[in-house]
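File shown: work-v1.pdb. Contents: PDB, C-alpha atoms and all ligand atoms.
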ATOM      1  CA  MET S   1     -22.937  -7.039   3.439
ATOM      2  CA  ARG S   2     -19.815  -4.861   3.469
ATOM      3  CA  THR S   3     -18.342  -3.336   0.297
ATOM      4  CA  ILE S   4     -14.558  -3.100   0.126
ATOM      5  CA  VAL S   5     -12.538  -1.351  -2.600
ATOM      6  CA  ILE S   6      -9.099  -2.842  -3.319
ATOM      7  CA  THR S   7      -6.587  -1.244  -5.682
ATOM      8  CA  GLY S   8      -4.180  -3.671  -7.295
ATOM      9  CA  GLY S   9      -7.029  -6.104  -6.660
ATOM     10  CA  ILE S  10      -6.438  -8.533  -9.516
ATOM     11  CA  SER S  11      -2.945  -9.734  -8.629
ATOM     12  CA  GLY S  12      -0.758 -10.864  -5.747
ATOM     13  CA  ILE S  13      -1.690  -9.525  -2.305
ATOM     14  CA  GLY S  14      -4.725  -7.596  -3.573
ATOM     15  CA  LYS S  15      -6.176 -10.662  -5.277
ATOM     16  CA  ALA S  16      -5.641 -12.830  -2.180
ATOM     17  CA  LEU S  17      -7.487 -10.224  -0.117
ATOM     18  CA  ALA S  18     -10.292  -9.896  -2.667
ATOM     19  CA  ASP S  19     -10.807 -13.690  -2.662
ATOM     20  CA  THR S  20     -10.839 -13.777   1.150
ATOM     21  CA  ILE S  21     -13.454 -11.036   1.375
ATOM     22  CA  ARG S  22     -15.673 -12.640  -1.267
ATOM     23  CA  VAL S  23     -15.536 -16.009   0.497
ATOM     24  CA  ALA S  24     -16.687 -14.272   3.685
ATOM     25  CA  GLY S  25     -19.761 -13.079   1.773
ATOM     26  CA  ASP S  26     -18.869  -9.427   1.341
ATOM     27  CA  LYS S  27     -18.617  -7.422  -1.867
ATOM     28  CA  VAL S  28     -15.337  -6.376  -3.464
ATOM     29  CA  ILE S  29     -14.744  -3.651  -6.037
ATOM     30  CA  THR S  30     -11.355  -4.301  -7.623
ATOM     31  CA  VAL S  31      -9.329  -1.495  -9.175
ATOM     32  CA  ASP S  32      -6.384  -2.066 -11.489
ATOM     33  CA  LEU S  33      -4.878  -1.089 -14.825
ATOM     34  CA  LYS S  34      -6.998  -3.720 -16.605
ATOM     35  CA  ASP S  35      -9.230  -6.779 -15.990
ATOM     36  CA  ALA S  36     -10.708  -5.218 -12.813
ATOM     37  CA  ASP S  37     -14.142  -3.806 -11.943
ATOM     38  CA  VAL S  38     -12.626  -0.338 -12.304
ATOM     39  CA  ASN S  39      -9.811  -0.022 -14.830
ATOM     40  CA  VAL S  40      -7.750   3.136 -14.274
ATOM     41  CA  ASP S  41      -4.159   4.306 -14.133
ATOM     42  CA  LEU S  42      -3.603   5.694 -10.637
ATOM     43  CA  THR S  43      -0.591   7.743 -11.749
ATOM     44  CA  THR S  44      -2.823  10.116 -13.723
ATOM     45  CA  ALA S  45      -5.294  12.810 -12.668
ATOM     46  CA  GLU S  46      -7.904  11.395 -15.091
ATOM     47  CA  GLY S  47      -7.444   7.894 -13.655
ATOM     48  CA  ARG S  48      -7.876   9.154 -10.107
ATOM     49  CA  GLU S  49     -11.051  11.070 -11.017
ATOM     50  CA  ALA S  50     -12.460   8.088 -12.916
ATOM     51  CA  LEU S  51     -11.719   5.884  -9.882
ATOM     52  CA  VAL S  52     -13.987   7.956  -7.644
ATOM     53  CA  GLU S  53     -16.734   8.305 -10.241
ATOM     54  CA  GLN S  54     -16.825   4.600 -11.096
ATOM     55  CA  VAL S  55     -16.641   3.389  -7.494
ATOM     56  CA  ARG S  56     -19.506   5.753  -6.622
ATOM     57  CA  GLU S  57     -21.549   4.282  -9.457
ATOM     58  CA  LEU S  58     -20.760   0.631  -8.702
ATOM     59  CA  SER S  59     -21.330   1.001  -4.947
ATOM     60  CA  GLY S  60     -24.408   3.200  -5.041
ATOM     61  CA  GLY S  61     -22.453   5.809  -3.074
ATOM     62  CA  LYS S  62     -21.668   3.779   0.048
ATOM     63  CA  ILE S  63     -18.571   1.693   0.769
ATOM     64  CA  ASP S  64     -17.224   0.224   4.023
ATOM     65  CA  GLY S  65     -13.513  -0.158   3.369
ATOM     66  CA  ILE S  66     -10.686   1.095   1.178
ATOM     67  CA  VAL S  67      -7.439  -0.801   0.645
ATOM     68  CA  ALA S  68      -4.827   1.239  -1.245
ATOM     69  CA  ASN S  69      -2.604  -1.627  -2.286
ATOM     70  CA  ALA S  70      -1.645  -1.007  -5.941
ATOM     71  CA  GLY S  71       2.077  -0.643  -6.315
ATOM     72  CA  LEU S  72       5.083  -0.699  -8.551
ATOM     73  CA  ALA S  73       8.622  -1.636  -7.470
ATOM     74  CA  ALA S  74      10.502  -0.494 -10.576
ATOM     75  CA  PRO S  75      13.299   2.120 -10.440
ATOM     76  CA  VAL S  76      11.189   4.616 -12.397
ATOM     77  CA  ALA S  77       9.350   7.825 -11.511
ATOM     78  CA  ALA S  78       5.918   6.183 -11.951
ATOM     79  CA  THR S  79       6.668   4.208  -8.769
ATOM     80  CA  ILE S  80       6.241   7.455  -6.814
ATOM     81  CA  GLY S  81       3.127   8.271  -8.841
ATOM     82  CA  VAL S  82       1.297   5.086  -7.865
ATOM     83  CA  ASN S  83       2.824   4.111  -4.486
ATOM     84  CA  TYR S  84       2.565   7.556  -2.878
ATOM     85  CA  PHE S  85       0.361  10.017  -4.760
ATOM     86  CA  GLY S  86      -1.914   7.326  -6.204
ATOM     87  CA  ALA S  87      -2.435   5.779  -2.762
ATOM     88  CA  ILE S  88      -3.326   9.147  -1.238
ATOM     89  CA  ALA S  89      -5.657   9.987  -4.132
ATOM     90  CA  THR S  90      -7.370   6.631  -3.555
ATOM     91  CA  LEU S  91      -7.797   7.124   0.182
ATOM     92  CA  GLU S  92      -8.784  10.793   0.067
ATOM     93  CA  GLY S  93     -10.907  10.487  -3.070
ATOM     94  CA  LEU S  94     -12.939   7.579  -1.724
ATOM     95  CA  ARG S  95     -13.155   8.677   1.934
ATOM     96  CA  PRO S  96     -16.476  10.559   1.460
ATOM     97  CA  LEU S  97     -18.061   7.266   0.341
ATOM     98  CA  LEU S  98     -17.302   5.796   3.786
ATOM     99  CA  ALA S  99     -19.538   8.358   5.496
ATOM    100  CA  ASP S 100     -22.643   6.139   5.647
ATOM    101  CA  SER S 101     -20.836   2.986   6.797
ATOM    102  CA  ASP S 102     -21.420   1.831  10.373
ATOM    103  CA  ALA S 103     -17.833   0.497  10.499
ATOM    104  CA  PRO S 104     -15.668   2.430   8.018
ATOM    105  CA  ARG S 105     -12.055   1.271   7.606
ATOM    106  CA  ALA S 106      -9.009   2.155   5.507
ATOM    107  CA  ALA S 107      -5.676   0.436   5.022
ATOM    108  CA  LEU S 108      -2.747   0.444   2.688
ATOM    109  CA  THR S 109       0.175  -1.726   1.735
ATOM    110  CA  THR S 110       3.537  -0.151   2.433
ATOM    111  CA  SER S 111       6.687  -2.321   2.723
ATOM    112  CA  MET S 112       9.621  -3.222   4.921
ATOM    113  CA  ALA S 113      11.546  -1.373   2.170
ATOM    114  CA  SER S 114      10.534   1.775   4.074
ATOM    115  CA  LEU S 115      13.384   0.752   6.423
ATOM    116  CA  HIS S 116      15.966   0.689   3.628
ATOM    117  CA  PRO S 117      18.094   3.747   2.810
ATOM    118  CA  ASN S 118      15.957   6.330   1.027
ATOM    119  CA  ASP S 119      16.339   9.695  -0.660
ATOM    120  CA  GLU S 120      15.508  12.356   1.910
ATOM    121  CA  LYS S 121      14.780  14.997  -0.721
ATOM    122  CA  LEU S 122      12.272  12.737  -2.465
ATOM    123  CA  VAL S 123      10.560  11.802   0.806
ATOM    124  CA  ASP S 124      10.289  15.505   1.749
ATOM    125  CA  LEU S 125       8.818  16.456  -1.646
ATOM    126  CA  CYS S 126       6.219  13.693  -1.272
ATOM    127  CA  LEU S 127       5.235  14.771   2.227
ATOM    128  CA  ALA S 128       4.997  18.386   1.020
ATOM    129  CA  GLY S 129       2.423  17.176  -1.541
ATOM    130  CA  ASP S 130       4.606  18.381  -4.430
ATOM    131  CA  GLU S 131       3.916  15.677  -7.024
ATOM    132  CA  GLU S 132       5.604  17.536  -9.878
ATOM    133  CA  GLY S 133       8.751  18.113  -7.803
ATOM    134  CA  ALA S 134       8.752  14.527  -6.517
ATOM    135  CA  LEU S 135       8.438  13.103 -10.042
ATOM    136  CA  ALA S 136      11.277  15.358 -11.229
ATOM    137  CA  ARG S 137      13.467  14.201  -8.327
ATOM    138  CA  ALA S 138      12.577  10.568  -9.044
ATOM    139  CA  GLU S 139      13.558  11.075 -12.713
ATOM    140  CA  GLU S 140      16.977  12.282 -11.512
ATOM    141  CA  LEU S 141      17.385   9.223  -9.287
ATOM    142  CA  ALA S 142      16.166   6.905 -12.055
ATOM    143  CA  ALA S 143      18.756   8.252 -14.481
ATOM    144  CA  ASP S 144      21.569   6.741 -12.390
ATOM    145  CA  PRO S 145      21.551   2.960 -11.793
ATOM    146  CA  GLN S 146      23.259   3.618  -8.441
ATOM    147  CA  THR S 147      20.287   5.647  -7.137
ATOM    148  CA  GLY S 148      17.252   4.292  -9.045
ATOM    149  CA  GLY S 149      16.755   1.675  -6.343
ATOM    150  CA  LEU S 150      16.099   4.416  -3.759
ATOM    151  CA  ILE S 151      12.780   5.355  -5.381
ATOM    152  CA  TYR S 152      10.759   2.371  -4.120
ATOM    153  CA  GLY S 153      11.940   2.601  -0.496
ATOM    154  CA  SER S 154      11.405   6.362  -0.544
ATOM    155  CA  SER S 155       7.812   5.934  -1.771
ATOM    156  CA  LYS S 156       7.099   3.454   1.013
ATOM    157  CA  ALA S 157       8.833   5.493   3.754
ATOM    158  CA  ALA S 158       6.882   8.578   2.695
ATOM    159  CA  ILE S 159       3.515   6.806   2.668
ATOM    160  CA  ALA S 160       4.190   5.248   6.101
ATOM    161  CA  ARG S 161       4.900   8.719   7.488
ATOM    162  CA  TRP S 162       1.819  10.144   5.772
ATOM    163  CA  ILE S 163      -0.405   7.522   7.430
ATOM    164  CA  ARG S 164       1.036   8.365  10.807
ATOM    165  CA  ARG S 165       0.468  12.082  10.267
ATOM    166  CA  VAL S 166      -3.109  11.912   9.036
ATOM    167  CA  ALA S 167      -4.582   8.903  10.876
ATOM    168  CA  PRO S 168      -5.186  10.814  14.138
ATOM    169  CA  THR S 169      -6.757  13.865  12.434
ATOM    170  CA  ALA S 170     -10.403  14.948  12.207
ATOM    171  CA  GLU S 171     -10.779  13.493   8.692
ATOM    172  CA  TRP S 172      -9.841   9.947   9.709
ATOM    173  CA  ALA S 173      -9.909   9.330  13.483
ATOM    174  CA  GLY S 174     -12.547  12.058  13.816
ATOM    175  CA  GLY S 175     -14.696  10.211  11.269
ATOM    176  CA  ASN S 176     -14.276   6.951  13.236
ATOM    177  CA  ILE S 177     -12.090   5.543  10.443
ATOM    178  CA  PRO S 178      -9.042   3.519  11.536
ATOM    179  CA  LEU S 179      -6.294   4.153   8.933
ATOM    180  CA  ASN S 180      -3.334   1.779   9.068
ATOM    181  CA  GLY S 181      -0.901  -0.138   6.906
ATOM    182  CA  VAL S 182       0.897  -3.426   6.514
ATOM    183  CA  GLY S 183       4.639  -3.550   5.854
ATOM    184  CA  PRO S 184       5.351  -6.885   4.146
ATOM    185  CA  GLY S 185       8.725  -8.562   3.799
ATOM    186  CA  VAL S 186       9.232 -10.624   0.631
ATOM    187  CA  VAL S 187       5.965 -12.058  -0.707
ATOM    188  CA  PHE S 188       5.680 -14.483  -3.637
ATOM    189  CA  THR S 189       3.775 -12.400  -6.202
ATOM    190  CA  PRO S 190       4.359 -11.355  -9.818
ATOM    191  CA  MET S 191       6.216  -8.315  -8.415
ATOM    192  CA  THR S 192       8.976 -10.476  -6.943
ATOM    193  CA  ALA S 193       8.942 -13.414  -9.388
ATOM    194  CA  ASP S 194      12.361 -12.562 -10.872
ATOM    195  CA  LEU S 195      13.872 -11.796  -7.476
ATOM    196  CA  THR S 196      12.911 -15.188  -6.041
ATOM    197  CA  ALA S 197      13.473 -17.314  -9.166
ATOM    198  CA  THR S 198      16.926 -18.735  -8.357
ATOM    199  CA  GLN S 199      18.738 -19.844  -5.204
ATOM    200  CA  GLU S 200      21.370 -17.174  -5.785
ATOM    201  CA  ALA S 201      18.740 -14.424  -6.176
ATOM    202  CA  ARG S 202      16.913 -15.619  -3.037
ATOM    203  CA  GLU S 203      20.101 -15.585  -0.982
ATOM    204  CA  GLY S 204      20.966 -12.074  -2.179
ATOM    205  CA  LEU S 205      17.455 -10.867  -1.322
ATOM    206  CA  LEU S 206      17.585 -12.326   2.192
ATOM    207  CA  GLU S 207      20.704 -10.259   2.884
ATOM    208  CA  MET S 208      18.700  -7.101   2.206
ATOM    209  CA  VAL S 209      15.478  -8.416   3.733
ATOM    210  CA  PRO S 210      16.380 -10.692   6.648
ATOM    211  CA  MET S 211      13.436 -12.997   7.438
ATOM    212  CA  PRO S 212      14.493 -15.366  10.227
ATOM    213  CA  LEU S 213      10.858 -16.325  10.918
ATOM    214  CA  ASN S 214       9.622 -18.666   8.163
ATOM    215  CA  GLY S 215      11.328 -16.871   5.249
ATOM    216  CA  PHE S 216       9.463 -15.618   2.183
ATOM    217  CA  MET S 217       5.672 -15.817   2.350
ATOM    218  CA  GLU S 218       2.568 -16.341   0.249
ATOM    219  CA  ALA S 219       0.261 -13.400  -0.473
ATOM    220  CA  GLN S 220      -2.431 -14.845   1.802
ATOM    221  CA  VAL S 221      -0.309 -14.104   4.887
ATOM    222  CA  VAL S 222      -0.425 -10.373   4.188
ATOM    223  CA  ALA S 223      -4.034 -10.513   2.976
ATOM    224  CA  ASP S 224      -5.119 -11.946   6.343
ATOM    225  CA  VAL S 225      -3.625  -8.986   8.225
ATOM    226  CA  LEU S 226      -5.202  -6.480   5.814
ATOM    227  CA  ASP S 227      -8.485  -8.353   6.269
ATOM    228  CA  PHE S 228      -8.244  -7.704  10.017
ATOM    229  CA  LEU S 229      -7.312  -4.020   9.519
ATOM    230  CA  ILE S 230     -10.515  -3.403   7.546
ATOM    231  CA  SER S 231     -12.724  -5.593   9.725
ATOM    232  CA  ARG S 232     -15.287  -4.483  12.284
ATOM    233  CA  LYS S 233     -12.980  -5.910  14.973
ATOM    234  CA  ASN S 234     -10.326  -3.277  14.349
ATOM    235  CA  THR S 235     -11.628  -0.311  16.307
ATOM    236  CA  HIS S 236      -8.486   1.245  17.833
ATOM    237  CA  LEU S 237      -5.382   0.804  15.662
ATOM    238  CA  CYS S 238      -4.493   4.291  14.446
ATOM    239  CA  GLY S 239      -1.639   5.238  12.098
ATOM    240  CA  GLN S 240       0.236   1.965  12.584
ATOM    241  CA  VAL S 241       2.292   0.001  10.106
ATOM    242  CA  ILE S 242       2.080  -3.670  11.041
ATOM    243  CA  PHE S 243       5.256  -5.322   9.780
ATOM    244  CA  VAL S 244       4.403  -8.757   8.377
ATOM    245  CA  ASP S 245       7.989  -9.438   7.511
ATOM    246  CA  GLY S 246       9.351 -12.599   9.139
ATOM    247  CA  GLY S 247      11.479 -10.401  11.413
ATOM    248  CA  SER S 248      13.053  -7.790   9.086
ATOM    249  CA  ASP S 249      11.920  -4.852  11.175
ATOM    250  CA  ALA S 250      13.112  -6.450  14.431
ATOM    251  CA  VAL S 251      16.499  -7.336  12.882
ATOM    252  CA  ILE S 252      17.075  -4.015  11.090
ATOM    253  CA  ARG S 253      15.729  -1.564  13.669
ATOM    254  CA  GLY S 254      16.285  -3.527  16.854
ATOM    255  CA  ASP S 255      15.633  -1.306  19.879
ATOM    256  CA  SER S 256      15.623   1.920  17.915
ATOM    257  CA  THR S 257      11.855   2.276  17.668
ATOM    258  CA  TRP S 258      11.415   2.358  21.423
TER     259      TRP S 258
HETATM  260  N1  LIG W   1       5.609  -8.754  -3.245
HETATM  261  C1  LIG W   1       6.334  -8.281  -2.244
HETATM  262  O1  LIG W   1       7.350  -8.885  -1.828
HETATM  263  C2  LIG W   1       5.952  -6.996  -1.560
HETATM  264  C3  LIG W   1       6.659  -6.627  -0.411
HETATM  265  C4  LIG W   1       6.319  -5.453   0.235
HETATM  266  C5  LIG W   1       5.293  -4.672  -0.252
HETATM  267  N2  LIG W   1       4.624  -5.045  -1.375
HETATM  268  C6  LIG W   1       3.557  -4.160  -1.837
HETATM  269  O2  LIG W   1       2.358  -4.895  -1.975
HETATM  270  C7  LIG W   1       1.484  -4.241  -2.884
HETATM  271  C8  LIG W   1       0.915  -5.282  -3.824
HETATM  272  O3  LIG W   1       1.973  -5.822  -4.608
HETATM  273  P1  LIG W   1       2.059  -7.346  -5.075
HETATM  274  O4  LIG W   1       3.306  -7.895  -4.518
HETATM  275  O5  LIG W   1       0.775  -8.005  -4.843
HETATM  276  O6  LIG W   1       2.380  -7.101  -6.638
HETATM  277  P2  LIG W   1       1.554  -7.336  -7.961
HETATM  278  O7  LIG W   1       2.425  -6.806  -9.027
HETATM  279  O8  LIG W   1       1.079  -8.735  -8.023
HETATM  280  O9  LIG W   1       0.264  -6.401  -7.761
HETATM  281  C9  LIG W   1       0.319  -5.009  -7.876
HETATM  282  C10 LIG W   1      -0.889  -4.547  -8.682
HETATM  283  O10 LIG W   1      -0.875  -3.107  -8.731
HETATM  284  C11 LIG W   1      -1.307  -2.741 -10.023
HETATM  285  N3  LIG W   1      -0.832  -1.404 -10.408
HETATM  286  C12 LIG W   1       0.459  -1.031 -10.611
HETATM  287  N4  LIG W   1       0.503   0.228 -11.067
HETATM  288  C13 LIG W   1      -0.787   0.664 -11.153
HETATM  289  C14 LIG W   1      -1.382   1.884 -11.578
HETATM  290  N5  LIG W   1      -0.641   2.902 -12.025
HETATM  291  N6  LIG W   1      -2.718   1.994 -11.515
HETATM  292  C15 LIG W   1      -3.494   0.949 -11.096
HETATM  293  N7  LIG W   1      -2.990  -0.225 -10.680
HETATM  294  C16 LIG W   1      -1.642  -0.366 -10.720
HETATM  295  C17 LIG W   1      -0.684  -3.793 -10.947
HETATM  296  O11 LIG W   1      -1.309  -3.826 -12.211
HETATM  297  C18 LIG W   1      -0.852  -5.065 -10.135
HETATM  298  O12 LIG W   1      -2.041  -5.762 -10.459
HETATM  299  C19 LIG W   1       2.329  -3.164  -3.561
HETATM  300  O13 LIG W   1       2.022  -1.905  -2.997
HETATM  301  C20 LIG W   1       3.752  -3.568  -3.214
HETATM  302  O14 LIG W   1       4.630  -2.465  -3.215
HETATM  303  C21 LIG W   1       4.922  -6.193  -2.046
END

Written as structure tokens, that's how I'd like the structure from this file.
Amino acid sequence: MRTIVITGGISGIGKALADTIRVAGDKVITVDLKDADVNVDLTTAEGREALVEQVRELSGGKIDGIVANAGLAAPVAATIGVNYFGAIATLEGLRPLLADSDAPRAALTTSMASLHPNDEKLVDLCLAGDEEGALARAEELAADPQTGGLIYGSSKAAIARWIRRVAPTAEWAGGNIPLNGVGPGVVFTPMTADLTATQEAREGLLEMVPMPLNGFMEAQVVADVLDFLISRKNTHLCGQVIFVDGGSDAVIRGDSTW
């Protein structure tokens, strides 16, 4: 039986993945602010330490997969704290517990919002590992309604670049651990409930997030791709973000990635 840790595991995409893994007969350790197996705030140093301690206890010191999926989409500094620094603390803090797995895997949930305009200074501070500086920059952006919306996309662009930088290194590829992400388009979860509530809101959202293939999706669609990323079958994907976005990436970036 495999043991998989999922942050944000009690809601939306994380819950859909947790249910899928349980049905397949494997064990899930959910992590969230409350109502999970491990209840911690991933924006704080204490929460990140408690995460590692409690997962070690609950797993007996051996896990097979980590899914850093917890996230916040609000125009506030805490969005950087959980989406970027919390995700890295999860992946790096729990990586030693993968050492005894015969098929260790790691994945995270980024977003097609990584393709939206972002704040270069904030992305650079994240990638430099300067959490204090990044939070201060995010506070500045949050103070102005014109720029607060840049925080989410910046957190997701930074984490997508971080995956690409570290996945091929000795710690991850060298430890036989595929590290990859999914980049969802709009998914029906509590995070987007207000944004998808009315026809007018949905139309406005589709202008920012074009999804010509099948439109908005249920959480299970993304959960199924994460399930593959952490499965035994995934042996060679390294540092990739798989866009599960109904076509946003293809529409927005076109040829530019190649
Ligand atoms: N819903 C979408 O359209 C969409 C699109 C692209 C990416 N995503 C990403 O998918 C991931 C899952 O989001 P979802 O849509 O399932 O939303 P959700 O709100 O249903 O789930 C997110 C979970 O993360 C938890 N969380 C937030 N801050 C936390 C913290 N500080 N510490 C611990 N847990 C915390 C929340 O409590 C919640 O249970 C997020 O990273 C989100 O950015 C969502």

Checklist line | Option closest in space to ligand LIG 1 (chain W), from S:Arg164, S:His236, S:Lys121, S:His116 [counting all atoms listed in the file] | finding: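 The shortest atom-to-atom distance to ligand LIG 1 (chain W) comes from S:His116.
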
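Rounded to one decimal, CA of Glu49 in chain S and CA of Ala89 in chain S lie 8.8 Å from each other.
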
Check: Hey, which of S:Phe228, S:Trp172, S:Trp258, S:Phe216 ends up closest to ligand LIG 1 (chain W)? Count all atoms listed in the file.
Finding: S:Phe216

Next item on the list: Would you mind listing what lies within 10 Å of Val31 in chain S as an MDAnalysis selection string, with only C-alpha atoms counted and same-chain residues fewer than 4 positions away left out?
Entry: chainID S and resid 5:10 14 35:42 51 54:55 68:70

Generate the output file for the selected residues, C-alpha atoms, as an mmCIF file, in the coordinates of the input.
data_model
loop_
_atom_site.group_PDB
_atom_site.id
_atom_site.type_symbol
_atom_site.label_atom_id
_atom_site.label_comp_id
_atom_site.auth_asym_id
_atom_site.auth_seq_id
_atom_site.Cartn_x
_atom_site.Cartn_y
_atom_site.Cartn_z
ATOM 1 C CA VAL S 5 -12.538 -1.351 -2.600
ATOM 2 C CA ILE S 6 -9.099 -2.842 -3.319
ATOM 3 C CA THR S 7 -6.587 -1.244 -5.682
ATOM 4 C CA GLY S 8 -4.180 -3.671 -7.295
ATOM 5 C CA GLY S 9 -7.029 -6.104 -6.660
ATOM 6 C CA ILE S 10 -6.438 -8.533 -9.516
ATOM 7 C CA GLY S 14 -4.725 -7.596 -3.573
ATOM 8 C CA ASP S 35 -9.230 -6.779 -15.990
ATOM 9 C CA ALA S 36 -10.708 -5.218 -12.813
ATOM 10 C CA ASP S 37 -14.142 -3.806 -11.943
ATOM 11 C CA VAL S 38 -12.626 -0.338 -12.304
ATOM 12 C CA ASN S 39 -9.811 -0.022 -14.830
ATOM 13 C CA VAL S 40 -7.750 3.136 -14.274
ATOM 14 C CA ASP S 41 -4.159 4.306 -14.133
ATOM 15 C CA LEU S 42 -3.603 5.694 -10.637
ATOM 16 C CA LEU S 51 -11.719 5.884 -9.882
ATOM 17 C CA GLN S 54 -16.825 4.600 -11.096
ATOM 18 C CA VAL S 55 -16.641 3.389 -7.494
ATOM 19 C CA ALA S 68 -4.827 1.239 -1.245
ATOM 20 C CA ASN S 69 -2.604 -1.627 -2.286
ATOM 21 C CA ALA S 70 -1.645 -1.007 -5.941
#

Notebook entry, point to check: Out of S:Ala173, S:Cys126, S:Leu33, S:Ala45, which residue has the shortest atom-to-atom distance to ligand LIG 1 (chain W) when counting all atoms listed in the file?
Noted result: S:Leu33

Checklist line | Explicit residue set for the PyMOL selection byres (((chain S and resi 85) around 12) and not hetatm), as number ranges by chain | finding: S: 41-45, 48, 68, 70-71, 77-84, 86-93, 123, 125-132, 134-135, 155-156, 158-159, 162

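Separating CA of Gly246 in chain S from CA of Val187 in chain S is a distance of 10.4 Å.
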
Check: Do you know which residues the PyMOL selection byres (((chain S and resi 148-150) around 10) and not hetatm) returns on this file, as a PyMOL selection string?
Finding: chain S and resi 73-77+113-114+116-120+122+138-147+151-155

Notebook entry, point to check: For ligand LIG 1 (chain W), which residue out of S:Val67, S:Met211, S:Met1, S:Val186 is the nearest one, using only C-alpha atoms and all ligand atoms?
Noted result: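 Among S:Val67, S:Met211, S:Met1, S:Val186, it is S:Val186 that comes nearest to ligand LIG 1 (chain W).
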
Next item on the list: Choose the residue, out of S:Asp227, S:Asp32, S:Asp26, S:Glu203, that has the smallest atom-to-atom separation from ligand LIG 1 (chain W); count only C-alpha atoms and all ligand atoms.
Entry: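 Among the listed residues, S:Asp32 lies closest to ligand LIG 1 (chain W).
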
Next item on the list: Mind checking which residues fall within 9 Å of Ile252 in chain S, counting all atoms listed in the file, ignoring those fewer than 5 positions away in the same chain, and posting them as a list in words?
Entry: Leu115, His116, Val209, Pro210 and Gly247 of chain S

Save the residues we just selected, C-alpha atoms, as a compact mmCIF listing (two decimals), keeping the file's coordinate frame?
# COMPACT_ATOMS: atom_id res chain seq x y z
CA LEU S 115 13.38 0.75 6.42
CA HIS S 116 15.97 0.69 3.63
CA VAL S 209 15.48 -8.42 3.73
CA PRO S 210 16.38 -10.69 6.65
CA GLY S 247 11.48 -10.40 11.41

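Comparing the minimum interatomic distances between Met191 in chain S and each of S:Leu226, S:Met112, S:Ala219, S:Ala99, counting all atoms listed in the file, we find that S:Ala219 sits nearest.
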
Note to self: I want to know what sits within 12 Å of Thr196 in chain S, based on all atoms listed in the file, with residues of the same chain fewer than 4 positions away left out; could you give that as a list in words?
What the structure shows: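 With the cut-off at 12 Å, the set is Val186, Val187, Phe188, Thr189, Pro190, Met191, Thr192, Glu200, Ala201, Arg202, Glu203, Gly204, Leu205, Leu206, Gly215, Phe216 and Met217 of chain S.
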
Return the padded bounding box of ligand LIG 1 (chain W) as AutoDock Vina command-line options: axis-aligned, built from all atoms listed in the file, 8 Å added on each side, with centre and edge lengths in Å to one decimal.
--center_x 1.9 --center_y -3.0 --center_z -6.0 --size_x 26.8 --size_y 27.8 --size_z 28.4
